[in-house]
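K.L.:
Below is start-v2.tsv; it holds TSV, C-alpha atoms.
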chain	number	residue	atom	x	y	z
A	1	MET	CA	16.08	-14.84	20.08
A	2	LYS	CA	13.55	-16.01	17.51
A	3	ASN	CA	12.13	-13.59	14.98
A	4	LYS	CA	8.65	-13.67	16.46
A	5	ASP	CA	9.86	-12.80	19.93
A	6	ILE	CA	11.32	-9.46	18.86
A	7	LYS	CA	9.34	-6.39	19.70
A	8	ILE	CA	9.74	-2.87	18.40
A	9	SER	CA	10.84	-1.79	21.87
A	10	ASN	CA	13.82	-4.20	21.57
A	11	ILE	CA	15.13	-2.59	18.37
A	12	ILE	CA	14.51	0.93	19.63
A	13	GLU	CA	17.14	0.12	22.22
A	14	SER	CA	19.52	-2.08	20.22
A	15	CYS	CA	19.54	0.15	17.11
A	16	ASN	CA	19.22	3.48	18.87
A	17	LEU	CA	15.99	4.51	17.12
A	18	LYS	CA	13.88	7.54	17.84
A	19	VAL	CA	10.11	7.15	18.04
A	20	VAL	CA	8.47	10.00	16.14
A	21	CYS	CA	4.95	8.66	16.34
A	22	CYS	CA	3.03	6.44	18.64
A	23	GLN	CA	5.33	5.23	21.42
A	24	GLU	CA	2.37	3.25	22.78
A	25	LEU	CA	2.69	0.83	19.84
A	26	SER	CA	6.27	-0.18	20.69
A	27	GLY	CA	5.07	-3.47	22.16
A	28	ARG	CA	4.23	-4.74	18.68
A	29	GLY	CA	6.04	-7.85	17.49
A	30	ILE	CA	8.26	-7.91	14.40
A	31	GLU	CA	7.94	-10.92	12.10
A	32	GLY	CA	10.52	-9.93	9.51
A	33	GLY	CA	12.01	-7.02	7.62
A	34	TYR	CA	11.87	-5.36	4.21
A	35	ALA	CA	13.82	-2.45	2.74
A	36	SER	CA	12.69	-0.42	-0.26
A	37	ASP	CA	11.92	3.12	-1.34
A	38	LEU	CA	9.55	2.06	-4.13
A	39	LEU	CA	6.00	1.92	-2.85
A	40	SER	CA	4.73	-0.62	-5.39
A	41	ASP	CA	7.62	-2.89	-4.47
A	42	VAL	CA	6.66	-2.64	-0.80
A	43	MET	CA	3.00	-3.29	-1.65
A	44	ALA	CA	3.95	-6.34	-3.72
A	45	ASN	CA	6.62	-7.93	-1.57
A	46	THR	CA	6.16	-7.22	2.14
A	47	LYS	CA	4.44	-9.61	4.51
A	48	ALA	CA	2.23	-8.67	7.43
A	49	GLY	CA	4.36	-7.96	10.50
A	50	ASP	CA	7.43	-6.78	8.56
A	51	ILE	CA	9.37	-3.77	9.77
A	52	TRP	CA	9.89	-1.48	6.74
A	53	VAL	CA	13.14	0.43	6.24
A	54	THR	CA	12.93	3.39	3.85
A	55	LEU	CA	14.11	6.88	2.96
A	56	GLN	CA	10.58	8.05	2.20
A	57	GLY	CA	8.92	10.34	4.73
A	58	HIS	CA	5.81	11.55	2.89
A	59	PRO	CA	2.26	10.77	4.13
A	60	ASN	CA	1.61	7.95	1.68
A	61	ILE	CA	3.99	5.58	3.50
A	62	VAL	CA	1.36	5.31	6.23
A	63	ALA	CA	-1.29	4.02	3.80
A	64	VAL	CA	1.16	1.42	2.51
A	65	ALA	CA	2.06	0.26	6.03
A	66	LYS	CA	-1.61	0.11	7.02
A	67	LEU	CA	-2.73	-1.77	3.91
A	68	LYS	CA	0.03	-4.37	4.29
A	69	GLU	CA	-0.33	-4.57	8.11
A	70	LEU	CA	3.36	-3.85	8.61
A	71	ALA	CA	4.83	-3.78	12.12
A	72	GLY	CA	6.16	-0.25	11.64
A	73	ILE	CA	8.31	2.07	9.54
A	74	ILE	CA	11.93	3.11	10.07
A	75	ILE	CA	13.05	6.22	8.17
A	76	VAL	CA	16.83	6.23	7.74
A	77	ASN	CA	19.67	8.66	7.02
A	78	GLY	CA	18.55	11.16	9.63
A	79	ARG	CA	15.53	12.17	7.58
A	80	THR	CA	12.48	13.54	9.35
A	81	PRO	CA	8.97	12.62	8.23
A	82	GLU	CA	6.60	15.38	7.16
A	83	GLU	CA	4.14	16.71	9.74
A	84	GLU	CA	1.22	15.27	7.76
A	85	THR	CA	2.87	11.85	7.84
A	86	LEU	CA	2.78	11.92	11.63
A	87	ASN	CA	-0.88	12.98	11.65
A	88	LYS	CA	-1.75	10.07	9.37
A	89	ALA	CA	0.32	7.66	11.44
A	90	LYS	CA	-1.52	8.69	14.57
A	91	ALA	CA	-4.90	8.26	12.88
A	92	GLU	CA	-4.02	4.84	11.46
A	93	ASN	CA	-2.04	3.50	14.45
A	94	ILE	CA	1.27	3.11	12.65
A	95	ILE	CA	4.52	3.43	14.60
A	96	ILE	CA	7.23	5.48	12.86
A	97	LEU	CA	10.86	5.43	13.96
A	98	THR	CA	13.88	7.32	12.68
A	99	SER	CA	17.56	6.47	12.54
A	100	ASN	CA	20.58	8.62	11.83
A	101	LEU	CA	22.27	5.65	10.15
A	102	PRO	CA	22.24	4.99	6.41
A	103	ALA	CA	20.03	2.05	5.32
A	104	PHE	CA	22.87	-0.47	4.86
A	105	GLU	CA	24.21	0.10	8.34
A	106	LEU	CA	20.83	0.04	10.06
A	107	ILE	CA	19.68	-3.12	8.27
A	108	GLY	CA	22.91	-4.83	9.38
A	109	ARG	CA	22.08	-4.00	12.97
A	110	LEU	CA	18.47	-5.15	12.61
A	111	TYR	CA	19.77	-8.44	11.20
A	112	GLU	CA	22.16	-8.77	14.13
A	113	SER	CA	19.21	-8.20	16.43
A	114	GLY	CA	17.60	-11.31	14.94
A	115	ILE	CA	15.35	-9.86	12.24
A	116	SER	CA	15.51	-11.55	8.86
A	117	GLY	CA	14.09	-10.55	5.49
A	118	MET	CA	13.53	-14.21	4.61
A	119	ARG	CA	10.78	-16.33	6.09
B	1	MET	CA	-23.00	-11.80	5.43
B	2	HIS	CA	-26.52	-12.98	4.54
B	3	LYS	CA	-26.70	-15.09	1.42
B	4	LYS	CA	-27.66	-13.37	-1.83
B	5	THR	CA	-27.20	-9.94	-0.32
B	6	ALA	CA	-24.67	-7.64	-1.87
B	7	PHE	CA	-22.71	-4.78	-0.41
B	8	GLU	CA	-21.80	-1.79	-2.52
B	9	GLN	CA	-19.99	1.45	-1.77
B	10	ILE	CA	-18.46	4.18	-3.93
B	11	PHE	CA	-15.36	6.15	-2.97
B	12	GLN	CA	-14.22	9.41	-4.55
B	13	ILE	CA	-10.59	9.83	-5.64
B	14	LYS	CA	-9.10	13.26	-6.23
B	15	GLY	CA	-6.36	13.59	-8.83
B	16	GLY	CA	-3.13	15.06	-7.47
B	17	ASP	CA	-4.13	14.65	-3.82
B	18	PHE	CA	-1.12	12.73	-2.51
B	19	ILE	CA	-1.95	13.61	1.12
B	20	ASN	CA	-5.21	11.66	1.28
B	21	ALA	CA	-4.24	9.05	-1.28
B	22	GLY	CA	-4.71	5.55	0.06
B	23	GLU	CA	-7.64	6.34	2.32
B	24	PRO	CA	-10.31	4.79	0.06
B	25	SER	CA	-8.15	1.65	-0.16
B	26	ILE	CA	-7.79	1.54	3.63
B	27	LYS	CA	-11.58	1.89	4.01
B	28	ILE	CA	-12.12	-0.97	1.55
B	29	ARG	CA	-9.68	-3.14	3.50
B	30	ASN	CA	-11.47	-2.33	6.75
B	31	ILE	CA	-14.89	-3.14	5.26
B	32	LEU	CA	-13.67	-6.51	3.97
B	33	LYS	CA	-12.13	-7.25	7.37
B	34	ASP	CA	-15.42	-6.45	9.09
B	35	ILE	CA	-17.32	-8.71	6.70
B	36	GLY	CA	-14.88	-11.49	7.56
B	37	ILE	CA	-13.32	-12.04	4.13
B	38	ASP	CA	-10.31	-14.39	4.02
B	39	ALA	CA	-7.02	-12.63	4.90
B	40	ASP	CA	-5.26	-13.63	1.67
B	41	ILE	CA	-8.08	-12.22	-0.46
B	42	ILE	CA	-8.04	-8.99	1.58
B	43	ARG	CA	-4.28	-8.71	1.00
B	44	ARG	CA	-4.77	-9.08	-2.77
B	45	VAL	CA	-7.70	-6.64	-2.88
B	46	ALA	CA	-5.69	-4.11	-0.84
B	47	ILE	CA	-2.73	-4.26	-3.24
B	48	THR	CA	-4.90	-3.82	-6.34
B	49	ALA	CA	-7.10	-1.11	-4.78
B	50	TYR	CA	-4.02	0.87	-3.77
B	51	GLU	CA	-2.32	0.57	-7.16
B	52	ALA	CA	-5.51	1.51	-9.02
B	53	GLU	CA	-6.17	4.40	-6.67
B	54	MET	CA	-2.63	5.76	-7.05
B	55	ASN	CA	-2.97	5.63	-10.84
B	56	VAL	CA	-6.01	7.91	-10.57
B	57	VAL	CA	-4.19	10.21	-8.13
B	58	MET	CA	-1.18	10.44	-10.46
B	59	TYR	CA	-2.77	10.50	-13.90
B	60	GLY	CA	-6.48	11.25	-13.51
B	61	GLN	CA	-8.18	14.52	-12.68
B	62	ARG	CA	-10.78	12.76	-10.59
B	63	GLY	CA	-12.24	9.33	-10.31
B	64	THR	CA	-14.25	6.83	-8.35
B	65	MET	CA	-13.63	3.39	-6.95
B	66	LYS	CA	-16.65	1.18	-6.41
B	67	LEU	CA	-16.51	-1.85	-4.14
B	68	LEU	CA	-19.02	-4.60	-4.74
B	69	VAL	CA	-19.14	-7.64	-2.47
B	70	THR	CA	-21.42	-10.61	-3.15
B	71	PRO	CA	-21.24	-14.11	-1.61
B	72	GLU	CA	-19.35	-15.27	-4.73
B	73	LYS	CA	-17.03	-12.41	-5.58
B	74	ILE	CA	-15.50	-9.06	-4.81
B	75	VAL	CA	-15.36	-6.52	-7.64
B	76	LEU	CA	-13.53	-3.21	-7.81
B	77	HIS	CA	-14.61	-0.76	-10.50
B	78	ILE	CA	-12.25	2.16	-10.93
B	79	GLN	CA	-12.91	4.90	-13.43
B	80	ASP	CA	-11.30	8.25	-13.93
B	81	LYS	CA	-11.62	11.36	-15.99
B	82	GLY	CA	-8.11	11.83	-17.21
B	83	GLN	CA	-5.57	11.65	-19.98
B	84	GLY	CA	-6.20	7.98	-20.78
B	85	ILE	CA	-3.59	5.38	-21.72
B	86	GLU	CA	-2.17	5.50	-25.23
B	87	ASP	CA	-0.83	1.96	-25.44
B	88	ILE	CA	-2.32	-0.42	-22.86
B	89	GLU	CA	-0.01	-3.28	-23.81
B	90	LEU	CA	3.00	-1.06	-23.15
B	91	ALA	CA	1.49	0.24	-19.89
B	92	MET	CA	1.09	-3.38	-18.71
B	93	LYS	CA	4.82	-4.04	-19.23
B	94	PRO	CA	6.68	-4.25	-15.89
B	95	GLY	CA	8.97	-1.26	-15.49
B	96	PHE	CA	7.21	0.98	-18.00
B	97	THR	CA	6.13	4.30	-16.50
B	98	THR	CA	5.12	7.80	-17.51
B	99	ALA	CA	5.55	9.15	-13.95
B	100	THR	CA	7.20	12.53	-13.49
B	101	GLU	CA	10.56	12.95	-11.77
B	102	GLU	CA	8.75	14.29	-8.68
B	103	MET	CA	6.49	11.21	-8.43
B	104	ARG	CA	9.50	8.92	-8.81
B	105	GLU	CA	11.33	10.70	-6.02
B	106	MET	CA	8.35	9.88	-3.81
B	107	GLY	CA	8.77	6.21	-4.66
B	108	PHE	CA	5.93	6.04	-7.18
B	109	GLY	CA	6.30	5.26	-10.86
B	110	ALA	CA	8.22	1.99	-10.55
B	111	GLY	CA	6.22	0.68	-13.48
B	112	MET	CA	4.71	-2.00	-11.26
B	113	GLY	CA	1.16	-0.69	-10.82
B	114	LEU	CA	-0.80	-2.43	-13.55
B	115	PRO	CA	1.37	-5.59	-13.42
B	116	ASN	CA	0.72	-5.79	-9.65
B	117	ILE	CA	-3.02	-5.50	-10.28
B	118	LYS	CA	-2.99	-8.20	-12.93
B	119	LYS	CA	-0.92	-10.52	-10.77
B	120	ASN	CA	-3.22	-10.26	-7.75
B	121	ALA	CA	-6.62	-10.29	-9.47
B	122	ASP	CA	-8.60	-13.32	-10.59
B	123	ARG	CA	-9.91	-11.28	-13.53
B	124	PHE	CA	-8.76	-7.91	-14.76
B	125	ASN	CA	-10.22	-5.75	-17.54
B	126	ILE	CA	-8.94	-2.36	-18.62
B	127	ARG	CA	-10.43	0.09	-21.13
B	128	SER	CA	-9.08	3.50	-21.91
B	129	THR	CA	-9.92	6.40	-24.21
B	130	ILE	CA	-7.34	9.08	-24.92
B	131	GLY	CA	-8.38	12.44	-23.52
B	132	GLN	CA	-11.31	10.93	-21.63
B	133	GLY	CA	-10.15	8.43	-19.07
B	134	THR	CA	-9.61	4.86	-18.00
B	135	LYS	CA	-11.86	2.14	-16.56
B	136	LEU	CA	-10.69	-0.89	-14.64
B	137	ARG	CA	-12.72	-3.86	-13.51
B	138	ILE	CA	-10.96	-6.14	-11.07
B	139	THR	CA	-12.61	-9.34	-9.84
B	140	PHE	CA	-11.73	-11.70	-7.00
B	141	LYS	CA	-13.43	-15.02	-6.39
B	142	VAL	CA	-14.59	-15.62	-2.85
B	143	LYS	CA	-14.26	-19.26	-1.91
Can the structure in the file be given as structure tokens, please?
P.N.:
Amino acid sequence: MKNKDIKISNIIESCNLKVVCCQELSGRGIEGGYASDLLSDVMANTKAGDIWVTLQGHPNIVAVAKLKELAGIIIVNGRTPEEETLNKAKAENIIILTSNLPAFELIGRLYESGISGMR
Amino acid sequence: MHKKTAFEQIFQIKGGDFINAGEPSIKIRNILKDIGIDADIIRRVAITAYEAEMNVVMYGQRGTMKLLVTPEKIVLHIQDKGQGIEDIELAMKPGFTTATEEMREMGFGAGMGLPNIKKNADRFNIRSTIGQGTKLRITFKVK
């Protein structure tokens, strides 16, 4: 499977993710991946269409994802985003997923699913 | 956009308001998209607008961000009433930050804000007065 053919719905299944906002956006394609908990780093180094793996669950992650046109956000380690984060995500059409896995483990599975951080 | 016309809009930024932070930057991005500005320029404007906005949210009491679009250029003017920057040269150094522990836990304060702005702008001016505030002028050429 080529990178561009992967949709969010594919990784929801293969990586056992939970959709916490905006199930209707799960048809979006994923172009690549990026992992970071530093917002300036994400602003500087992500590309449009990246799926973003992070520990952060506060509302500002939505602005970052929107501004960089990211495919979506995966919050790891079983963390739950704040209520306000979900409100923002709904308003800005950003899909947010959660995983019980730690970042290292989840990223390994995303890579196995065909998503690369290099392109 | 009609030649020789200019578009201008001012956005308010509230210091300490981490909930609504980023909204002015998103609005600016949407405006530029509607005008039909080149995607790479929009990406660079979005990065700088966000970094400048977050600096006001973190260190200013209140501020404004003005977007000016002409056929030749896009200009962001950001000014805040705030503590000001003591040593601009030091503040421009990648990795330098005065962010609190709480801000860092949220993923801010990586010391990349001003360097990110400089890197993505065609021209960047910064002026600051201790105890009064900081002014940024960020210019992008439109091809």
K.L.:
With a distance cut-off of 8 Å and all atoms listed in the file, select the neighbouring residues of Ser113 of chain A, excluding the residue or stretch itself and same-chain residues fewer than 3 positions from it, and output the selection as a short mmCIF file (atom, residue, chain, number, x, y, z; two decimals) with C-alpha atoms, in the coordinates of the input.
P.N.:
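The resulting file, around-v4.cif, is reproduced below:
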data_model
loop_
_atom_site.label_atom_id
_atom_site.label_comp_id
_atom_site.auth_asym_id
_atom_site.auth_seq_id
_atom_site.Cartn_x
_atom_site.Cartn_y
_atom_site.Cartn_z
CA ILE A 11 15.13 -2.59 18.37
CA SER A 14 19.52 -2.08 20.22
CA ARG A 109 22.08 -4.00 12.97
CA LEU A 110 18.47 -5.15 12.61
#
K.L.:
Could you check how far atom CA of Asn120 of chain B sits from atom CA of Ile85 of chain B, in Å to one decimal?
P.N.:
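So the answer is 21.0 Å.
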K.L.:
Counting only C-alpha atoms, which residues of chain A come no farther than 9 Å from chain B, as an MDAnalysis selection string?
P.N.:
chainID A and resid 36:41 43:44 56:60 62:64 66:68 84:85 88
K.L.:
Counting only C-alpha atoms, figure out which residue out of B:Leu67, B:Val142, B:Leu136, B:Ala121 gets nearest to Gln79 of chain B.
P.N.:
B:Leu136
K.L.:
Determine the nearest neighbour of Cys15 of chain A from the options A:Ala91, A:Val53, A:Ile96, A:Leu101, counting all atoms listed in the file.
P.N.:
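Ranking A:Ala91, A:Val53, A:Ile96, A:Leu101 by distance to Cys15 of chain A, first place goes to A:Leu101.
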K.L.:
Quick check, in Å to one decimal: how far apart do atom CA of Met118 of chain A and atom CA of Asp5 of chain A lie?
P.N.:
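Atom CA of Asp5 of chain A lies at a distance of 15.8 Å from atom CA of Met118 of chain A.
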K.L.:
Starting from 3 Å padding per side, set up an axis-aligned box that covers all listed atoms of segment 93-104 of chain B and hand over centre and edge lengths in Å, one decimal, as AutoDock Vina command-line options.
P.N.:
--center_x 7.7 --center_y 5.0 --center_z -13.8 --size_x 11.7 --size_y 24.5 --size_z 16.8
K.L.:
Just to confirm, what's the straight-line distance from atom CA of Ile78 of chain B to atom CA of Asp17 of chain B in Å (one decimal)?
P.N.:
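Going from atom CA of Ile78 of chain B over to atom CA of Asp17 of chain B covers 16.5 Å.
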K.L.:
Any idea what's packed within 9 Å of Ile73 of chain A, counting all atoms listed in the file, ignoring anything in its chain fewer than 4 positions away? Could you give it as a list of chain:residue names?
P.N.:
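In the requested form, the answer reads A:Asp50, A:Ile51, A:Trp52, A:Val53, A:Thr54, A:Ile61, A:Val62, A:Ala65, A:Ile94, A:Ile95, A:Ile96, A:Leu97, A:Thr98.
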K.L.:
Restricting the calculation to all atoms listed in the file: of B:Asp122, B:Glu89, B:Glu102, B:Glu8, which residue gets closest to Lys66 of chain B?
P.N.:
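Nearest to Lys66 of chain B: B:Glu8.
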K.L.:
Do you know which residues are at most 10 Å from Ile130 of chain B counting only C-alpha atoms, after dropping those on the same chain fewer than 3 positions away, and could you put them as a PDB file with C-alpha atoms, in the frame of the given file?
P.N.:
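And here's around.pdb as it stands now:
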ATOM      1  CA  GLY B  82      -8.110  11.830 -17.210  1.00  0.00           C
ATOM      2  CA  GLN B  83      -5.570  11.650 -19.980  1.00  0.00           C
ATOM      3  CA  GLY B  84      -6.200   7.980 -20.780  1.00  0.00           C
ATOM      4  CA  ILE B  85      -3.590   5.380 -21.720  1.00  0.00           C
ATOM      5  CA  GLU B  86      -2.170   5.500 -25.230  1.00  0.00           C
ATOM      6  CA  ASP B  87      -0.830   1.960 -25.440  1.00  0.00           C
ATOM      7  CA  GLY B 133     -10.150   8.430 -19.070  1.00  0.00           C
ATOM      8  CA  THR B 134      -9.610   4.860 -18.000  1.00  0.00           C
TER       9      THR B 134
END
K.L.:
From the set A:Ile8, A:Thr80, A:Glu69, A:Asn16, which residue has the shortest atom-to-atom contact distance to Glu92 of chain A, counting all atoms listed in the file?
P.N.:
A:Glu69
